[in-house]
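Reproduced below: run.pdb, with PDB, C-alpha atoms.
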MODEL        1
ATOM      1  CA  GLN A1461      90.672 108.360  83.557  1.00  0.00           C
ATOM      2  CA  VAL A1462      94.412 108.303  84.090  1.00  0.00           C
ATOM      3  CA  GLN A1463      96.349 105.125  83.409  1.00  0.00           C
ATOM      4  CA  LEU A1464      99.775 104.534  84.882  1.00  0.00           C
ATOM      5  CA  VAL A1465     102.168 101.913  83.588  1.00  0.00           C
ATOM      6  CA  GLU A1466     105.409 101.057  85.358  1.00  0.00           C
ATOM      7  CA  SER A1467     108.464  99.490  83.775  1.00  0.00           C
ATOM      8  CA  GLY A1468     112.074  98.713  84.603  1.00  0.00           C
ATOM      9  CA  GLY A1469     111.752  96.294  87.485  1.00  0.00           C
ATOM     10  CA  GLY A1470     113.529  92.985  87.721  1.00  0.00           C
ATOM     11  CA  LEU A1471     116.236  91.077  89.530  1.00  0.00           C
ATOM     12  CA  VAL A1472     119.454  92.709  90.685  1.00  0.00           C
ATOM     13  CA  GLN A1473     122.228  91.777  93.066  1.00  0.00           C
ATOM     14  CA  THR A1474     122.933  93.564  96.329  1.00  0.00           C
ATOM     15  CA  GLY A1475     124.646  96.859  95.620  1.00  0.00           C
ATOM     16  CA  GLY A1476     123.255  97.046  92.117  1.00  0.00           C
ATOM     17  CA  SER A1477     121.007  99.603  90.460  1.00  0.00           C
ATOM     18  CA  LEU A1478     117.664  99.724  88.736  1.00  0.00           C
ATOM     19  CA  ARG A1479     115.759 102.498  87.037  1.00  0.00           C
ATOM     20  CA  LEU A1480     111.982 102.437  87.254  1.00  0.00           C
ATOM     21  CA  SER A1481     109.848 104.410  84.867  1.00  0.00           C
ATOM     22  CA  CYS A1482     106.160 105.290  84.848  1.00  0.00           C
ATOM     23  CA  VAL A1483     104.071 106.822  82.115  1.00  0.00           C
ATOM     24  CA  ALA A1484     100.740 108.487  82.775  1.00  0.00           C
ATOM     25  CA  SER A1485      98.259 108.526  79.921  1.00  0.00           C
ATOM     26  CA  GLY A1486      94.593 109.239  79.360  1.00  0.00           C
ATOM     27  CA  THR A1487      94.657 112.900  80.233  1.00  0.00           C
ATOM     28  CA  PRO A1488      95.565 116.004  78.277  1.00  0.00           C
ATOM     29  CA  PHE A1489      96.585 117.703  81.503  1.00  0.00           C
ATOM     30  CA  SER A1490      99.861 117.619  83.351  1.00  0.00           C
ATOM     31  CA  VAL A1491      99.368 115.791  86.607  1.00  0.00           C
ATOM     32  CA  ASN A1492      99.969 117.760  89.770  1.00  0.00           C
ATOM     33  CA  SER A1493     102.391 115.395  91.420  1.00  0.00           C
ATOM     34  CA  MET A1494     103.835 111.947  90.917  1.00  0.00           C
ATOM     35  CA  ALA A1495     105.243 109.531  93.412  1.00  0.00           C
ATOM     36  CA  TRP A1496     106.578 106.065  94.026  1.00  0.00           C
ATOM     37  CA  TYR A1497     105.425 103.740  96.752  1.00  0.00           C
ATOM     38  CA  ARG A1498     106.435 100.209  97.550  1.00  0.00           C
ATOM     39  CA  GLN A1499     105.167  97.211  99.418  1.00  0.00           C
ATOM     40  CA  VAL A1500     107.804  94.907 100.773  1.00  0.00           C
ATOM     41  CA  PRO A1501     106.925  91.430 102.057  1.00  0.00           C
ATOM     42  CA  GLY A1502     105.204  91.507 105.422  1.00  0.00           C
ATOM     43  CA  LYS A1503     104.721  95.257 105.495  1.00  0.00           C
ATOM     44  CA  GLU A1504     102.126  97.760 104.434  1.00  0.00           C
ATOM     45  CA  ARG A1505     102.601  99.932 101.400  1.00  0.00           C
ATOM     46  CA  GLU A1506     105.025 102.766 102.136  1.00  0.00           C
ATOM     47  CA  TRP A1507     105.902 105.984 100.441  1.00  0.00           C
ATOM     48  CA  VAL A1508     109.271 106.113  98.680  1.00  0.00           C
ATOM     49  CA  ALA A1509     109.551 109.465  96.951  1.00  0.00           C
ATOM     50  CA  SER A1510     107.522 112.278  95.417  1.00  0.00           C
ATOM     51  CA  VAL A1511     108.074 115.014  92.916  1.00  0.00           C
ATOM     52  CA  LEU A1512     105.670 117.890  93.362  1.00  0.00           C
ATOM     53  CA  THR A1513     104.669 120.907  91.354  1.00  0.00           C
ATOM     54  CA  GLY A1514     107.760 122.995  90.792  1.00  0.00           C
ATOM     55  CA  HIS A1515     109.871 119.824  90.762  1.00  0.00           C
ATOM     56  CA  ILE A1516     110.176 119.792  94.540  1.00  0.00           C
ATOM     57  CA  LYS A1517     111.462 116.356  95.502  1.00  0.00           C
ATOM     58  CA  LYS A1518     110.941 114.518  98.728  1.00  0.00           C
ATOM     59  CA  TYR A1519     112.122 111.115  99.916  1.00  0.00           C
ATOM     60  CA  GLY A1520     111.324 108.613 102.601  1.00  0.00           C
ATOM     61  CA  ASP A1521     113.840 108.396 105.426  1.00  0.00           C
ATOM     62  CA  PHE A1522     114.953 104.913 104.433  1.00  0.00           C
ATOM     63  CA  VAL A1523     116.120 106.144 101.020  1.00  0.00           C
ATOM     64  CA  LYS A1524     119.215 107.754 102.576  1.00  0.00           C
ATOM     65  CA  GLY A1525     120.456 109.284  99.340  1.00  0.00           C
ATOM     66  CA  ARG A1526     120.305 106.055  97.357  1.00  0.00           C
ATOM     67  CA  PHE A1527     117.320 106.885  95.154  1.00  0.00           C
ATOM     68  CA  THR A1528     116.653 109.805  92.838  1.00  0.00           C
ATOM     69  CA  ILE A1529     113.228 110.714  91.505  1.00  0.00           C
ATOM     70  CA  SER A1530     112.858 112.720  88.324  1.00  0.00           C
ATOM     71  CA  ARG A1531     109.958 113.863  86.228  1.00  0.00           C
ATOM     72  CA  ASP A1532     109.134 115.037  82.727  1.00  0.00           C
ATOM     73  CA  SER A1533     106.023 117.172  83.157  1.00  0.00           C
ATOM     74  CA  VAL A1534     105.404 117.470  79.431  1.00  0.00           C
ATOM     75  CA  LYS A1535     105.460 113.730  78.894  1.00  0.00           C
ATOM     76  CA  ASN A1536     103.790 112.946  82.234  1.00  0.00           C
ATOM     77  CA  THR A1537     106.516 110.501  83.164  1.00  0.00           C
ATOM     78  CA  VAL A1538     108.343 109.855  86.386  1.00  0.00           C
ATOM     79  CA  ASN A1539     111.491 107.855  86.952  1.00  0.00           C
ATOM     80  CA  LEU A1540     113.121 106.407  90.028  1.00  0.00           C
ATOM     81  CA  GLN A1541     116.823 105.713  89.865  1.00  0.00           C
ATOM     82  CA  MET A1542     117.701 103.258  92.609  1.00  0.00           C
ATOM     83  CA  ASN A1543     121.311 102.675  93.560  1.00  0.00           C
ATOM     84  CA  SER A1544     123.001 100.644  96.293  1.00  0.00           C
ATOM     85  CA  LEU A1545     120.055  98.304  96.441  1.00  0.00           C
ATOM     86  CA  ALA A1546     119.749  95.886  99.342  1.00  0.00           C
ATOM     87  CA  PRO A1547     117.600  92.795  99.901  1.00  0.00           C
ATOM     88  CA  ASP A1548     115.318  94.906 102.134  1.00  0.00           C
ATOM     89  CA  ASP A1549     114.384  96.885  99.023  1.00  0.00           C
ATOM     90  CA  THR A1550     112.725  93.825  97.512  1.00  0.00           C
ATOM     91  CA  GLY A1551     109.055  94.401  96.873  1.00  0.00           C
ATOM     92  CA  VAL A1552     106.431  95.682  94.500  1.00  0.00           C
ATOM     93  CA  TYR A1553     106.885  99.300  93.479  1.00  0.00           C
ATOM     94  CA  TYR A1554     103.871 101.391  92.550  1.00  0.00           C
ATOM     95  CA  CYS A1555     103.637 104.611  90.620  1.00  0.00           C
ATOM     96  CA  SER A1556     101.073 107.159  91.751  1.00  0.00           C
ATOM     97  CA  ALA A1557      99.844 110.390  90.247  1.00  0.00           C
ATOM     98  CA  ARG A1558      97.518 113.062  91.526  1.00  0.00           C
ATOM     99  CA  LEU A1559      95.314 115.022  89.194  1.00  0.00           C
ATOM    100  CA  ARG A1560      92.676 117.457  90.378  1.00  0.00           C
ATOM    101  CA  GLY A1561      92.634 115.946  93.841  1.00  0.00           C
ATOM    102  CA  VAL A1562      92.274 112.349  92.679  1.00  0.00           C
ATOM    103  CA  ASP A1563      95.028 109.779  93.188  1.00  0.00           C
ATOM    104  CA  TYR A1564      95.696 107.201  90.505  1.00  0.00           C
ATOM    105  CA  TRP A1565      97.798 104.074  90.816  1.00  0.00           C
ATOM    106  CA  GLY A1566      99.687 101.747  88.553  1.00  0.00           C
ATOM    107  CA  LYS A1567      99.501  97.989  88.910  1.00  0.00           C
ATOM    108  CA  GLY A1568     102.975  97.791  90.347  1.00  0.00           C
ATOM    109  CA  ILE A1569     106.239  96.254  89.263  1.00  0.00           C
ATOM    110  CA  LEU A1570     108.376  93.735  91.076  1.00  0.00           C
ATOM    111  CA  VAL A1571     111.890  94.552  92.221  1.00  0.00           C
ATOM    112  CA  THR A1572     113.948  91.700  93.611  1.00  0.00           C
ATOM    113  CA  VAL A1573     117.345  92.229  95.189  1.00  0.00           C
ATOM    114  CA  SER A1574     119.339  89.062  95.734  1.00  0.00           C
ATOM    115  CA  SER A1575     121.868  88.703  98.527  1.00  0.00           C
TER     116      SER A1575
ENDMDL
END
What would you get if you wrote out this structure as structure tokens?
Amino acid sequence: QVQLVESGGGLVQTGGSLRLSCVASGTPFSVNSMAWYRQVPGKEREWVASVLTGHIKKYGDFVKGRFTISRDSVKNTVNLQMNSLAPDDTGVYYCSARLRGVDYWGKGILVTVSS
């Protein structure tokens, strides 16, 4: 069983930055891919960014160069550096990891961007 724990959320002003981190534990294997999703008020959960095997990185269209995902495969960690944050980025951010075809999720962490 893989456990994911997010950290780094909080309150920031418009234009500010936050760095989210996620640690995967409970497995001796390196997960295949890791990703961030978010759920903003009034909307369904949406994909933010992924880092795949080979450190291939992909981002949702709304990111527009503001976020950077990075991964430490040895430590099974993934980070999301978020810059130029806007109130529309307010929501709960979830870490996800895939291992052997199974997706695991963290409990989520709140990010609030004040105007």
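Minimum atom-to-atom distances from A:Leu1559, A:Leu1540, A:Cys1482, A:Met1494 to Glu1466 of chain A were compared using only C-alpha atoms, and the lowest value belongs to A:Cys1482.
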Contact residues around segment 1523-1525 of chain A with all atoms listed in the file at 9 Å, ignoring same-chain residues under 5 positions, as a PyMOL selection string: chain A and resi 1508-1509+1543
Spatial neighbours of Pro1488 of chain A, max dist 12 Å, only C-alpha atoms, sep filter under 5 positions, as a VMD selection string: chain A and resid 1461 to 1462 1533 to 1536 1559
Given all atoms listed in the file as the counted atoms, nearest of A:Arg1505, A:Arg1479, A:Lys1517, A:Arg1526 to Val1552 of chain A: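 Comparing A:Arg1505, A:Arg1479, A:Lys1517, A:Arg1526 against Val1552 of chain A, the winner is A:Arg1505.
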Choose the residue, out of A:Val1491, A:Val1483, A:Val1571, A:Leu1471, that has the smallest atom-to-atom separation from Val1538 of chain A; count only C-alpha atoms. A:Val1483
When the PyMOL selection byres ((chain A and resi 1493) around 12) is applied to the structure above, which residues does it catch, written out as a compact mmCIF listing (two decimals) with C-alpha atoms, in the frame of the given file?
# COMPACT_ATOMS: atom_id res chain seq x y z
CA ALA A 1484 100.74 108.49 82.78
CA PHE A 1489 96.58 117.70 81.50
CA SER A 1490 99.86 117.62 83.35
CA VAL A 1491 99.37 115.79 86.61
CA ASN A 1492 99.97 117.76 89.77
CA MET A 1494 103.84 111.95 90.92
CA ALA A 1495 105.24 109.53 93.41
CA TRP A 1496 106.58 106.06 94.03
CA ALA A 1509 109.55 109.46 96.95
CA SER A 1510 107.52 112.28 95.42
CA VAL A 1511 108.07 115.01 92.92
CA LEU A 1512 105.67 117.89 93.36
CA THR A 1513 104.67 120.91 91.35
CA GLY A 1514 107.76 123.00 90.79
CA HIS A 1515 109.87 119.82 90.76
CA ILE A 1516 110.18 119.79 94.54
CA LYS A 1517 111.46 116.36 95.50
CA LYS A 1518 110.94 114.52 98.73
CA ILE A 1529 113.23 110.71 91.50
CA SER A 1530 112.86 112.72 88.32
CA ARG A 1531 109.96 113.86 86.23
CA ASP A 1532 109.13 115.04 82.73
CA SER A 1533 106.02 117.17 83.16
CA ASN A 1536 103.79 112.95 82.23
CA THR A 1537 106.52 110.50 83.16
CA VAL A 1538 108.34 109.86 86.39
CA CYS A 1555 103.64 104.61 90.62
CA SER A 1556 101.07 107.16 91.75
CA ALA A 1557 99.84 110.39 90.25
CA ARG A 1558 97.52 113.06 91.53
CA LEU A 1559 95.31 115.02 89.19
CA ARG A 1560 92.68 117.46 90.38
CA GLY A 1561 92.63 115.95 93.84
CA VAL A 1562 92.27 112.35 92.68
CA ASP A 1563 95.03 109.78 93.19
CA TYR A 1564 95.70 107.20 90.50
Among the residues A:Asp1521, A:Thr1550, A:Ser1477, A:Gln1463, the one that comes closest to Ile1569 of chain A [using only C-alpha atoms]: A:Thr1550
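Separating atom CA of Val1472 of chain A from atom CA of Phe1522 of chain A is a distance of 18.9 Å.
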Between atom CA of Ala1546 of chain A and atom CA of Leu1478 of chain A, distance in Å (one decimal):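 Between atom CA of Ala1546 of chain A and atom CA of Leu1478 of chain A the gap works out to 11.5 Å.
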Using Å and a single decimal, report how far atom CA of Gln1541 of chain A sits from atom CA of Lys1567 of chain A.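 Between atom CA of Lys1567 of chain A and atom CA of Gln1541 of chain A the gap works out to 19.0 Å.
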Using only C-alpha atoms, the residue out of A:Leu1464, A:Tyr1519, A:Gly1475, A:Gly1470 with shortest distance to Ser1544 of chain A is A:Gly1475
Expansion of the PyMOL selection byres ((chain A and resi 1506) around 10) into residues, as a list in words: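 Given this file, the PyMOL selection byres ((chain A and resi 1506) around 10) evaluates to Trp1496, Tyr1497, Arg1498, Gln1499, Val1500, Lys1503, Glu1504, Arg1505, Trp1507, Val1508, Ala1509, Gly1520, Tyr1553 and Tyr1554 of chain A.
Of the residues listed (A:Gly1476, A:Gly1486, A:Pro1501, A:Gly1469), A:Pro1501 shows the shortest atom-to-atom separation from Asp1548 of chain A; distances use all atoms listed in the file.
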Neighbours of Thr1474 of chain A within 6 Å (all atoms listed in the file; same-chain residues fewer than 5 positions away dropped), as a list in words? Leu1545, Ala1546, Val1573, Ser1574 and Ser1575 of chain A
